[in-house]
Amino acid sequence: MRKEYKQILNMALSSLPIDEKINIINKLWNQIDENKLFEYANIDELVGHIAYVLKRTNLSFQSFWNIEYEKIESRITLLMDVLDEIALELKKNNIQIVALKNAGITKAIYKNHASSPMGDLDLLVRLSDFKKAHEILMNNLNFNFKFRSKFEIEEIEHAIRGGGTEYYKIINGTKVWLELQWRPIAGRWIQPHNEPNGEELINNSIHIEGSSVRILCAEDNLLQVALHTAKHSYVRAPGFRLHSDVDRVVRFQKINWESFLSKVLKLKVKNAVYFSLYLSKKLLFTPVPDKILLALKPFWLRAFFIKYFIKKAGIYNQNKRKFTKIGYIIFSIC
């Protein structure tokens, strides 16, 4: 992929001021093939991001941008409505929910639905409320208990031990997926003892005005999205667009950086968090303080190997296989 396409994708994903975005796309528009750009943007789920900018320029562009923009906006608006419905029903039963990752960011921080594609809704509840929430989702809200992975066992006790459950529901012809979790993160690089405590996250969470949904406080939110990006090895699907979570939290929530650093050090997740912040700053110009990156920077040899594997895997094109089995094992060990 030529650098001009990368520059447009990076610009579109970032939360730079709209005037800066317009300047960038105006300079590059005649240097690229619009159909090729649409192909790249479609693969990495950035069509809505680019269309949002194009609609604010005087450029002439093809209709497929607007068509896809409206589809994405409609779907994410539906997801946000479902999120509110779930939160209200659970609140009636004295259960608090916290919307995680892009669901929480879209609901409370960055409300441009067409620039917020997501595959599902991720909700955090207390372990003590989990079974009750599970029953309400199925019996009151008509969700179906079903894992997307065929390797998961669809039995509630087993699912709870694993950290969470998955559900789906067909609404107006759209299949809505939902993850209910008491563990905020799970996956390689992030072992249970390195995870933030779900109860503490809920205790520190923030109420959203006009909604029963809650979101994580700024420092917890940044830590959670940074670890989630690390869980996906920074490049594995949904890949590139995950870096916008870090960018949006940093830009639109007021971070107490010393408190954030303290949380990272306490959980011993310096390496995982460092590369989430580093890549967001490098690609999206996220204003992460240099002193924080310096405090988190891994030993030079570890940093060298991780950067090598990320570069080899490639930041863009989430459909591409990023690692061989051996390569992924080595990357995870690093």
# chains A, B, ... in the order shown; residues from 1 in each chain; ligands from 1
$ residues_around --residues "Cys217 of chain A" --least-positions-apart "3" --cutoff "8 Å" --atoms "only C-alpha atoms" --output "number ranges by chain"
A: 201, 204-206, 220-221
$ residues_around --residues "Thr174 of chain A" --least-positions-apart "2" --cutoff "12 Å" --atoms "only C-alpha atoms" --output "mmCIF file with N, CA, C and O atoms, in the first residue's frame"
data_model
loop_
_atom_site.group_PDB
_atom_site.id
_atom_site.type_symbol
_atom_site.label_atom_id
_atom_site.label_comp_id
_atom_site.auth_asym_id
_atom_site.auth_seq_id
_atom_site.Cartn_x
_atom_site.Cartn_y
_atom_site.Cartn_z
ATOM 1 N N LYS A 71 -25.396 3.198 6.114
ATOM 2 C CA LYS A 71 -25.561 1.840 6.642
ATOM 3 C C LYS A 71 -24.893 1.698 8.008
ATOM 4 O O LYS A 71 -25.462 1.132 8.949
ATOM 5 N N ILE A 72 -23.660 2.202 8.108
ATOM 6 C CA ILE A 72 -22.912 2.088 9.365
ATOM 7 C C ILE A 72 -23.590 2.907 10.456
ATOM 8 O O ILE A 72 -23.784 2.434 11.586
ATOM 9 N N SER A 74 -26.696 3.743 10.730
ATOM 10 C CA SER A 74 -27.941 3.091 11.117
ATOM 11 C C SER A 74 -27.690 1.922 12.052
ATOM 12 O O SER A 74 -28.380 1.749 13.068
ATOM 13 N N ARG A 75 -26.670 1.110 11.731
ATOM 14 C CA ARG A 75 -26.378 -0.066 12.551
ATOM 15 C C ARG A 75 -25.884 0.330 13.938
ATOM 16 O O ARG A 75 -26.315 -0.235 14.955
ATOM 17 N N ILE A 76 -24.983 1.301 14.016
ATOM 18 C CA ILE A 76 -24.435 1.693 15.315
ATOM 19 C C ILE A 76 -25.487 2.416 16.148
ATOM 20 O O ILE A 76 -25.537 2.253 17.383
ATOM 21 N N THR A 77 -26.357 3.174 15.512
ATOM 22 C CA THR A 77 -27.460 3.800 16.240
ATOM 23 C C THR A 77 -28.358 2.738 16.857
ATOM 24 O O THR A 77 -28.799 2.870 18.010
ATOM 25 N N LEU A 78 -28.605 1.669 16.110
ATOM 26 C CA LEU A 78 -29.381 0.552 16.643
ATOM 27 C C LEU A 78 -28.686 -0.053 17.856
ATOM 28 O O LEU A 78 -29.322 -0.323 18.891
ATOM 29 N N LEU A 79 -27.381 -0.271 17.752
ATOM 30 C CA LEU A 79 -26.636 -0.846 18.876
ATOM 31 C C LEU A 79 -26.712 0.050 20.111
ATOM 32 O O LEU A 79 -26.856 -0.445 21.239
ATOM 33 N N VAL A 82 -30.096 -0.382 21.680
ATOM 34 C CA VAL A 82 -30.143 -1.665 22.391
ATOM 35 C C VAL A 82 -29.393 -1.561 23.720
ATOM 36 O O VAL A 82 -29.842 -2.078 24.748
ATOM 37 N N GLY A 119 -18.302 -4.754 16.343
ATOM 38 C CA GLY A 119 -18.908 -6.049 16.068
ATOM 39 C C GLY A 119 -19.954 -6.455 17.073
ATOM 40 O O GLY A 119 -20.828 -7.276 16.779
ATOM 41 N N ASP A 120 -19.868 -5.894 18.287
ATOM 42 C CA ASP A 120 -20.801 -6.283 19.336
ATOM 43 C C ASP A 120 -20.801 -5.241 20.442
ATOM 44 O O ASP A 120 -20.089 -4.238 20.374
ATOM 45 N N TYR A 168 -27.050 -13.319 21.220
ATOM 46 C CA TYR A 168 -27.435 -12.593 20.017
ATOM 47 C C TYR A 168 -28.949 -12.428 19.984
ATOM 48 O O TYR A 168 -29.705 -13.135 20.653
ATOM 49 N N LYS A 169 -29.376 -11.471 19.166
ATOM 50 C CA LYS A 169 -30.794 -11.202 18.982
ATOM 51 C C LYS A 169 -30.964 -10.561 17.609
ATOM 52 O O LYS A 169 -30.160 -9.704 17.219
ATOM 53 N N ILE A 170 -31.989 -10.982 16.870
ATOM 54 C CA ILE A 170 -32.281 -10.387 15.577
ATOM 55 C C ILE A 170 -33.240 -9.220 15.786
ATOM 56 O O ILE A 170 -34.344 -9.403 16.308
ATOM 57 N N ILE A 171 -32.811 -8.016 15.402
ATOM 58 C CA ILE A 171 -33.633 -6.820 15.565
ATOM 59 C C ILE A 171 -33.722 -6.112 14.219
ATOM 60 O O ILE A 171 -32.706 -5.675 13.666
ATOM 61 N N ASN A 172 -34.922 -6.022 13.689
ATOM 62 C CA ASN A 172 -35.152 -5.377 12.388
ATOM 63 C C ASN A 172 -34.216 -5.923 11.314
ATOM 64 O O ASN A 172 -33.671 -5.172 10.497
ATOM 65 N N VAL A 176 -27.680 -8.689 16.353
ATOM 66 C CA VAL A 176 -26.955 -7.933 17.367
ATOM 67 C C VAL A 176 -26.285 -8.907 18.335
ATOM 68 O O VAL A 176 -26.963 -9.725 18.970
ATOM 69 N N TRP A 177 -24.967 -8.794 18.451
ATOM 70 C CA TRP A 177 -24.209 -9.635 19.377
ATOM 71 C C TRP A 177 -23.868 -8.847 20.636
ATOM 72 O O TRP A 177 -23.616 -7.646 20.588
#
$ select_by_dssp --residues "segment 8-216 of chain A" --states "strand (DSSP E or B)" --output "ChimeraX atom specification"
/A:98-99,121-124,144-145,164-171,174-181,187,190,206-207,214-215
$ residues_around --residues "Phe252 of chain A" --least-positions-apart "4" --cutoff "10 Å" --atoms "only C-alpha atoms" --output "list in words"
Ser15, Ile105, Ala108, Ile109, Tyr110, Ala218, Asp247 and Arg248 of chain A
$ atom_distance --atom1 "atom CA of Lys282 of chain A" --atom2 "atom CA of Lys311 of chain A"
12.9 Å
$ residues_around --residues "Leu137 of chain A" --least-positions-apart "4" --cutoff "10 Å" --atoms "only C-alpha atoms" --output "PyMOL selection string"
chain A and resi 86+89-90+131-133+141-145+167-168+178+180
$ closest_residue --among "A:Phe275, A:Phe151, A:Phe285, A:Phe38" --to "Pro17 of chain A" --atoms "only C-alpha atoms"
A:Phe285
$ residues_around --residues "Ala295 of chain A" --least-positions-apart "5" --cutoff "10 Å" --atoms "only C-alpha atoms" --output "list in words"
Leu261, Leu265, Lys270, Tyr274 and Asp290 of chain A
$ select_by_dssp --residues "segment 160-326 of chain A" --states "alpha helix (DSSP H)" --output "ChimeraX atom specification"
/A:160-162,198-203,218-231,243-252,257-267,270-284,290-296,300-313,325-326
$ atom_distance --atom1 "atom CA of Asp44 of chain A" --atom2 "atom CA of Asp84 of chain A"
27.4 Å
$ closest_residue --among "A:Ile136, A:Leu223, A:Val249, A:Val213" --to "Ala87 of chain A" --atoms "only C-alpha atoms"
A:Val213
$ residues_around --residues "Phe64 of chain A" --least-positions-apart "2" --cutoff "12 Å" --atoms "only C-alpha atoms" --output "list of chain:residue names"
A:Glu34, A:Asn35, A:Leu37, A:Phe38, A:Glu39, A:Ala41, A:Asn42, A:Val47, A:Gly48, A:Ile50, A:Ala51, A:Leu54, A:Phe61, A:Gln62, A:Asn66, A:Ile67, A:Glu68, A:Tyr69, A:Glu70, A:Lys71
$ closest_residue --among "A:Arg251, A:Arg302, A:Lys320, A:Lys307" --to "Pro289 of chain A" --atoms "only C-alpha atoms"
A:Arg251
$ residues_around --residues "Lys21 of chain A" --least-positions-apart "2" --cutoff "10 Å" --atoms "only C-alpha atoms" --output "PyMOL selection string"
chain A and resi 8+10-12+14-19+23-26+50+53-54+56-57
$ write_last_selection --atoms "N, CA, C and O atoms" --output "mmCIF file, in the first residue's frame"
data_model
loop_
_atom_site.group_PDB
_atom_site.id
_atom_site.type_symbol
_atom_site.label_atom_id
_atom_site.label_comp_id
_atom_site.auth_asym_id
_atom_site.auth_seq_id
_atom_site.Cartn_x
_atom_site.Cartn_y
_atom_site.Cartn_z
ATOM 1 N N ILE A 8 -4.106 8.775 4.461
ATOM 2 C CA ILE A 8 -5.540 9.039 4.523
ATOM 3 C C ILE A 8 -6.216 8.142 5.562
ATOM 4 O O ILE A 8 -7.071 8.593 6.336
ATOM 5 N N ASN A 10 -4.824 6.798 8.228
ATOM 6 C CA ASN A 10 -4.413 7.279 9.553
ATOM 7 C C ASN A 10 -5.176 8.536 9.939
ATOM 8 O O ASN A 10 -5.655 8.669 11.073
ATOM 9 N N MET A 11 -5.278 9.464 8.996
ATOM 10 C CA MET A 11 -5.996 10.711 9.245
ATOM 11 C C MET A 11 -7.447 10.437 9.621
ATOM 12 O O MET A 11 -7.988 10.991 10.577
ATOM 13 N N ALA A 12 -8.089 9.568 8.845
ATOM 14 C CA ALA A 12 -9.510 9.301 9.056
ATOM 15 C C ALA A 12 -9.766 8.644 10.405
ATOM 16 O O ALA A 12 -10.755 8.949 11.075
ATOM 17 N N SER A 14 -7.912 8.896 13.119
ATOM 18 C CA SER A 14 -7.542 9.762 14.240
ATOM 19 C C SER A 14 -8.666 10.730 14.577
ATOM 20 O O SER A 14 -9.605 10.920 13.806
ATOM 21 N N SER A 15 -8.552 11.342 15.739
ATOM 22 C CA SER A 15 -9.514 12.365 16.166
ATOM 23 C C SER A 15 -8.920 13.756 16.051
ATOM 24 O O SER A 15 -9.191 14.633 16.879
ATOM 25 N N LEU A 16 -8.111 13.954 15.035
ATOM 26 C CA LEU A 16 -7.593 15.286 14.744
ATOM 27 C C LEU A 16 -8.769 16.236 14.471
ATOM 28 O O LEU A 16 -9.841 15.802 14.042
ATOM 29 N N PRO A 17 -8.597 17.532 14.681
ATOM 30 C CA PRO A 17 -9.653 18.495 14.337
ATOM 31 C C PRO A 17 -10.057 18.355 12.876
ATOM 32 O O PRO A 17 -9.223 18.065 12.011
ATOM 33 N N ILE A 18 -11.326 18.555 12.583
ATOM 34 C CA ILE A 18 -11.838 18.327 11.244
ATOM 35 C C ILE A 18 -11.141 19.195 10.200
ATOM 36 O O ILE A 18 -10.927 18.753 9.062
ATOM 37 N N ASP A 19 -10.742 20.410 10.550
ATOM 38 C CA ASP A 19 -10.043 21.267 9.588
ATOM 39 C C ASP A 19 -8.724 20.650 9.141
ATOM 40 O O ASP A 19 -8.348 20.733 7.965
ATOM 41 N N ASN A 23 -7.723 19.353 5.296
ATOM 42 C CA ASN A 23 -6.489 19.782 4.627
ATOM 43 C C ASN A 23 -5.702 18.592 4.098
ATOM 44 O O ASN A 23 -5.169 18.620 2.980
ATOM 45 N N ILE A 24 -5.630 17.550 4.909
ATOM 46 C CA ILE A 24 -4.870 16.363 4.512
ATOM 47 C C ILE A 24 -5.508 15.689 3.304
ATOM 48 O O ILE A 24 -4.832 15.344 2.325
ATOM 49 N N ILE A 25 -6.825 15.485 3.362
ATOM 50 C CA ILE A 25 -7.468 14.763 2.249
ATOM 51 C C ILE A 25 -7.493 15.614 0.984
ATOM 52 O O ILE A 25 -7.395 15.085 -0.139
ATOM 53 N N ASN A 26 -7.589 16.920 1.126
ATOM 54 C CA ASN A 26 -7.534 17.797 -0.051
ATOM 55 C C ASN A 26 -6.186 17.686 -0.763
ATOM 56 O O ASN A 26 -6.117 17.672 -1.995
ATOM 57 N N ILE A 50 -13.825 7.947 6.601
ATOM 58 C CA ILE A 50 -13.419 8.743 5.438
ATOM 59 C C ILE A 50 -14.614 9.507 4.866
ATOM 60 O O ILE A 50 -14.504 10.687 4.504
ATOM 61 N N VAL A 53 -15.336 12.753 6.593
ATOM 62 C CA VAL A 53 -14.474 13.863 6.182
ATOM 63 C C VAL A 53 -14.869 14.358 4.793
ATOM 64 O O VAL A 53 -14.994 15.566 4.558
ATOM 65 N N LEU A 54 -15.079 13.425 3.858
ATOM 66 C CA LEU A 54 -15.415 13.808 2.491
ATOM 67 C C LEU A 54 -16.677 14.665 2.433
ATOM 68 O O LEU A 54 -16.763 15.625 1.649
ATOM 69 N N ARG A 56 -17.587 16.825 4.299
ATOM 70 C CA ARG A 56 -17.315 18.188 4.773
ATOM 71 C C ARG A 56 -16.320 18.931 3.879
ATOM 72 O O ARG A 56 -15.844 19.991 4.232
ATOM 73 N N THR A 57 -16.011 18.340 2.754
ATOM 74 C CA THR A 57 -15.108 18.980 1.783
ATOM 75 C C THR A 57 -15.909 19.429 0.556
ATOM 76 O O THR A 57 -17.110 19.147 0.443
#
$ atom_distance --atom1 "atom CA of Leu121 of chain A" --atom2 "atom CA of Leu13 of chain A"
20.2 Å
$ closest_residue --among "A:Pro298, A:Pro238, A:Pro196, A:Gly164" --to "Phe130 of chain A" --atoms "only C-alpha atoms"
A:Gly164
